[in-house]
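Enquirer: Data file upload_6.txt (compact mmCIF, C-alpha atoms) is appended below.
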# COMPACT_ATOMS: atom_id res chain seq x y z
CA MET A 1 0.00 0.00 0.00
CA LYS A 2 2.89 2.32 0.76
CA ASP A 3 4.16 1.71 -2.76
CA VAL A 4 0.85 2.78 -4.27
CA VAL A 5 0.80 5.98 -2.18
CA ARG A 6 4.42 6.68 -3.09
CA LEU A 7 3.64 6.03 -6.79
CA PHE A 8 0.61 8.33 -6.56
CA ARG A 9 2.75 11.10 -5.03
CA VAL A 10 5.36 10.76 -7.76
CA PHE A 11 2.63 10.89 -10.42
CA CYS A 12 1.09 14.03 -8.83
CA GLY A 13 4.54 15.63 -8.62
CA ILE A 14 5.19 14.96 -12.29
CA LEU A 15 1.75 16.27 -13.16
CA VAL A 16 2.28 19.45 -11.12
CA LEU A 17 5.63 20.05 -12.86
CA ALA A 18 4.23 19.25 -16.33
CA LEU A 19 1.14 21.50 -16.16
CA PRO A 20 3.03 24.81 -16.35
CA ALA A 21 5.07 23.43 -19.26
CA LEU A 22 1.86 22.40 -21.08
CA ALA A 23 0.22 25.73 -20.34
CA GLN A 24 3.18 27.61 -21.81
CA THR A 25 2.95 25.84 -25.17
CA ALA A 26 -0.44 27.34 -26.10
CA THR A 27 -0.32 31.02 -27.00
CA THR A 28 -2.57 33.82 -28.23
CA LEU A 29 -2.39 35.13 -31.77
CA ARG A 30 -3.40 38.77 -32.09
CA GLY A 31 -3.65 40.72 -35.29
CA HIS A 32 -4.88 43.82 -37.04
CA VAL A 33 -6.63 44.06 -40.44
CA VAL A 34 -5.99 47.30 -42.35
CA ASP A 35 -6.11 48.58 -45.92
CA GLU A 36 -3.33 50.12 -48.02
CA VAL A 37 -3.57 53.50 -46.27
CA ASN A 38 -3.57 51.88 -42.82
CA ALA A 39 -7.31 52.40 -42.22
CA VAL A 40 -8.87 49.66 -40.10
CA ILE A 41 -11.23 47.11 -41.64
CA PRO A 42 -13.87 46.03 -39.13
CA GLY A 43 -15.92 42.90 -39.83
CA ALA A 44 -13.27 41.08 -41.88
CA SER A 45 -13.38 37.29 -41.66
CA VAL A 46 -10.03 35.89 -40.48
CA VAL A 47 -9.50 32.12 -40.82
CA LEU A 48 -6.59 30.32 -39.10
CA THR A 49 -5.96 26.88 -40.63
CA VAL A 50 -3.54 24.19 -39.40
CA PRO A 51 -1.71 22.09 -42.00
CA GLY A 52 -4.09 19.18 -41.23
CA GLY A 53 -7.02 21.28 -42.43
CA ARG A 54 -8.74 22.19 -39.15
CA ALA A 55 -9.79 25.86 -39.20
CA ARG A 56 -10.79 28.49 -36.67
CA THR A 57 -12.52 31.75 -37.59
CA ALA A 58 -12.53 35.20 -36.01
CA ILE A 59 -14.11 38.49 -37.10
CA SER A 60 -12.10 41.69 -36.84
CA ALA A 61 -13.53 44.14 -34.29
CA ALA A 62 -14.42 47.81 -34.80
CA ASN A 63 -10.73 48.71 -34.39
CA GLY A 64 -9.70 46.06 -36.96
CA GLU A 65 -8.18 43.71 -34.36
CA PHE A 66 -8.78 39.97 -34.04
CA THR A 67 -7.65 37.35 -31.51
CA PHE A 68 -7.20 33.57 -31.48
CA GLN A 69 -6.82 32.09 -27.98
CA ASN A 70 -4.95 28.85 -27.11
CA VAL A 71 -3.08 28.38 -30.36
CA ALA A 72 -0.37 25.71 -30.32
CA PRO A 73 3.04 26.65 -31.74
CA GLY A 74 3.50 25.71 -35.37
CA SER A 75 2.98 26.82 -38.93
CA TYR A 76 -0.46 28.00 -40.03
CA THR A 77 -2.30 29.46 -43.01
CA VAL A 78 -4.17 32.72 -42.46
CA THR A 79 -6.89 33.73 -44.91
CA VAL A 80 -8.79 37.02 -44.70
CA GLY A 81 -11.79 38.13 -46.70
CA PHE A 82 -13.88 41.28 -46.84
CA LYS A 83 -16.21 42.64 -49.54
CA GLY A 84 -14.48 45.11 -51.85
CA PHE A 85 -10.97 43.77 -51.11
CA GLN A 86 -8.84 41.09 -52.73
CA PRO A 87 -8.68 37.91 -50.64
CA TYR A 88 -5.56 37.74 -48.46
CA THR A 89 -3.71 34.45 -47.88
CA ASN A 90 -0.46 33.81 -46.03
CA GLU A 91 0.55 30.13 -45.89
CA LYS A 92 3.64 30.66 -43.72
CA VAL A 93 2.43 32.17 -40.44
CA THR A 94 4.55 30.89 -37.56
CA ILE A 95 3.11 30.75 -34.05
CA PRO A 96 4.25 32.25 -31.80
CA ALA A 97 4.55 35.25 -34.06
CA PRO A 98 7.99 36.92 -33.94
CA ASN A 99 6.61 40.23 -32.66
CA GLY A 100 3.46 38.72 -31.10
CA PHE A 101 1.21 40.68 -33.47
CA LEU A 102 0.16 39.93 -37.05
CA LYS A 103 -0.58 42.92 -39.32
CA ILE A 104 -2.67 42.06 -42.37
CA GLU A 105 -2.80 44.64 -45.14
CA MET A 106 -5.62 44.11 -47.63
CA ILE A 107 -5.66 45.56 -51.14
CA VAL A 108 -8.76 47.15 -52.65
CA GLU A 109 -10.28 44.96 -55.34
CA ALA A 110 -10.11 46.23 -58.92
CA MET A 111 -13.44 47.38 -60.32
CA ASN A 112 -14.72 47.50 -63.87
CA VAL A 113 -16.90 50.52 -64.46
CA GLU A 114 -18.81 50.87 -67.70
CA THR A 115 -20.46 54.12 -68.66
CA GLU A 116 -22.88 54.38 -71.54
CA VAL A 117 -23.34 57.80 -73.10
CA LYS A 118 -26.42 58.44 -75.19
CA SER A 119 -27.33 61.52 -77.16
CA ASP A 120 -30.42 63.37 -76.00
CA ASP A 121 -32.93 63.93 -78.77
CA ASN A 122 -34.66 66.72 -76.84
CA VAL A 123 -33.70 69.52 -79.19
CA VAL A 124 -35.24 72.97 -79.01
CA THR A 125 -36.74 73.97 -82.31
CA VAL A 126 -38.77 76.91 -83.58
CA GLU A 127 -40.92 74.68 -85.77
CA PRO A 128 -44.45 74.89 -84.32
CA ASP A 129 -45.28 71.22 -84.94
CA GLN A 130 -42.03 70.14 -83.20
CA ASN A 131 -42.30 72.38 -80.13
CA ALA A 132 -44.85 71.17 -77.58
CA ASN A 133 -44.89 74.34 -75.49
CA ALA A 134 -45.05 76.81 -78.39
CA VAL A 135 -48.01 79.16 -78.79
CA ILE A 136 -49.09 79.36 -82.40
CA LEU A 137 -50.75 82.60 -83.39
CA GLY A 138 -53.48 82.22 -86.01
CA GLU A 139 -53.81 84.33 -89.17
CA GLU A 140 -56.73 86.34 -87.80
CA PHE A 141 -54.67 87.32 -84.75
CA ILE A 142 -51.68 88.25 -86.87
CA GLN A 143 -53.84 90.63 -88.91
CA THR A 144 -54.53 92.61 -85.73
CA LEU A 145 -50.83 93.10 -84.87
CA PRO A 146 -49.25 96.57 -85.24
CA ASP A 147 -47.36 97.32 -88.46
CA ASN A 148 -44.60 99.35 -86.76
CA GLU A 149 -41.67 97.19 -85.74
CA ASP A 150 -41.16 98.88 -82.35
CA ASP A 151 -44.87 98.68 -81.53
CA LEU A 152 -44.91 95.00 -82.59
CA ARG A 153 -41.95 94.23 -80.32
CA ALA A 154 -43.58 95.98 -77.35
CA TYR A 155 -46.90 94.19 -78.00
CA LEU A 156 -45.25 90.74 -78.24
CA GLN A 157 -43.19 91.36 -75.13
CA ALA A 158 -46.34 92.34 -73.25
CA LEU A 159 -47.99 89.19 -74.59
CA ALA A 160 -45.04 87.06 -73.38
CA GLY A 161 -45.57 88.40 -69.86
CA PRO A 162 -43.45 90.09 -67.22
CA GLY A 163 -39.78 89.25 -67.32
CA ALA A 164 -39.63 88.61 -71.08
CA ALA A 165 -36.59 90.74 -71.86
CA GLY A 166 -35.97 90.61 -75.55
CA ALA A 167 -34.11 87.81 -77.28
CA SER A 168 -32.39 86.37 -74.22
CA GLY A 169 -35.64 85.54 -72.45
CA GLY A 170 -36.50 86.74 -69.02
CA GLU A 171 -37.53 85.34 -65.71
CA GLY A 172 -40.15 83.19 -67.38
CA GLY A 173 -37.69 82.13 -70.07
CA ALA A 174 -39.88 83.43 -72.91
CA GLN A 175 -38.25 84.29 -76.22
CA ILE A 176 -39.74 85.98 -79.23
CA PHE A 177 -38.93 84.67 -82.69
CA VAL A 178 -39.86 86.43 -85.93
CA ASN A 179 -39.28 84.40 -89.10
CA GLY A 180 -37.09 82.02 -87.09
CA PHE A 181 -34.88 84.78 -85.63
CA THR A 182 -34.93 86.30 -82.16
CA SER A 183 -35.88 89.95 -82.02
Would you mind writing the file's structure down as structure tokens?
Expert:
Amino acid sequence: MKDVVRLFRVFCGILVLALPALAQTATTLRGHVVDEVNAVIPGASVVLTVPGGRARTAISAANGEFTFQNVAPGSYTVTVGFKGFQPYTNEKVTIPAPNGFLKIEMIVEAMNVETEVKSDDNVVTVEPDQNANAVILGEEFIQTLPDNEDDLRAYLQALAGPGAAGASGGEGGAQIFVNGFTS
């Protein structure tokens, strides 16, 4: 019985000495996901994969940082993805990391932008049948117009309304055309 107790004590002693050694083998991997101008990328998916294929995933926080707890020393593959950026892959990440911190710089994804330019067929014309907002004066009305050019101009400007200032138009944008020419 004394041998069993002594053997149990030796086993417990070995276990007590081995636990700190086992606890020191696992480490924490911390990192930071940024873009080319060092702006943080929150919400990026960071995947840590061991050579055997087992993977762990973390999401970068609002400050771009991510953490993997209890990572055994060794060589890993780190893959990061975020919409609008090229996927990042590093197959040679050694744990523990040399500086204890892994900085991942993502590159903005190239975009193809196509622009189609079309001509606008909305052309201003003085042709009455082509101008929807034109006022066509009938022959009877034209017979009542003054014969003097200055009087005719004043009458047509009054007809166009306030703000009609000659050929350039006025506040209302009215213009007066005589035989296709502005007055």
Enquirer: A:Val78, A:Ala158, A:Leu145, A:Val34: which is nearest A:Arg54, counting only C-alpha atoms?
Expert: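 Distance minimum relative to A:Arg54 lands on A:Val78.
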Enquirer: Could you check which of A:Asp147, A:Glu65, A:Asp35, A:Asp3 is closest to A:Pro87, using only C-alpha atoms?
Expert: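 Closest to A:Pro87, using only C-alpha atoms: A:Asp35.
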Enquirer: Would you place a box with edges along x, y and z of the file around all atoms of stretch 72-87 of chain A listed there, add 3 Å to each of its six sides, and report the centre and edge lengths in Å to one decimal, as JSON?
Expert:
{"center_x": -6.4, "center_y": 35.4, "center_z": -41.5, "size_x": 25.7, "size_y": 25.4, "size_z": 28.4}
Enquirer: Which is closest to A:Leu29 among A:Phe181, A:Tyr155, A:Phe66, A:Phe82, if we use only C-alpha atoms?
Expert: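 For A:Leu29, the nearest of the candidates is A:Phe66.
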Enquirer: Give the answer as one residue: which of A:Ala26, A:Val50, A:Thr77, A:Val108 has the shortest atom-to-atom distance to A:Pro96, using all atoms listed in the file?
Expert: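 When distances to A:Pro96 are compared using all atoms listed in the file, the smallest one comes from A:Ala26.
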Enquirer: Between atom CA of A:Ile41 and atom CA of A:Thr27, measure the distance and give it in Å to one decimal.
Expert: 24.3 Å
Enquirer: Calculated over only C-alpha atoms, which of the candidates A:Val93, A:Ala39, A:Val117, A:Val33 has the smallest distance to A:Thr67?
Expert: A:Val33
Enquirer: State, in Å with one decimal place, the distance from atom CA of A:Lys103 to atom CA of A:Arg30.
Expert: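 About the pair atom CA of A:Lys103 and atom CA of A:Arg30: they are 8.8 Å apart.
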Enquirer: What's around A:Gly81 at 7 Å? Count only C-alpha atoms, leave out sequence neighbours fewer than 6 positions away in its own chain, and write the answer as a ChimeraX atom specification.
Expert: /A:44-46,87-88
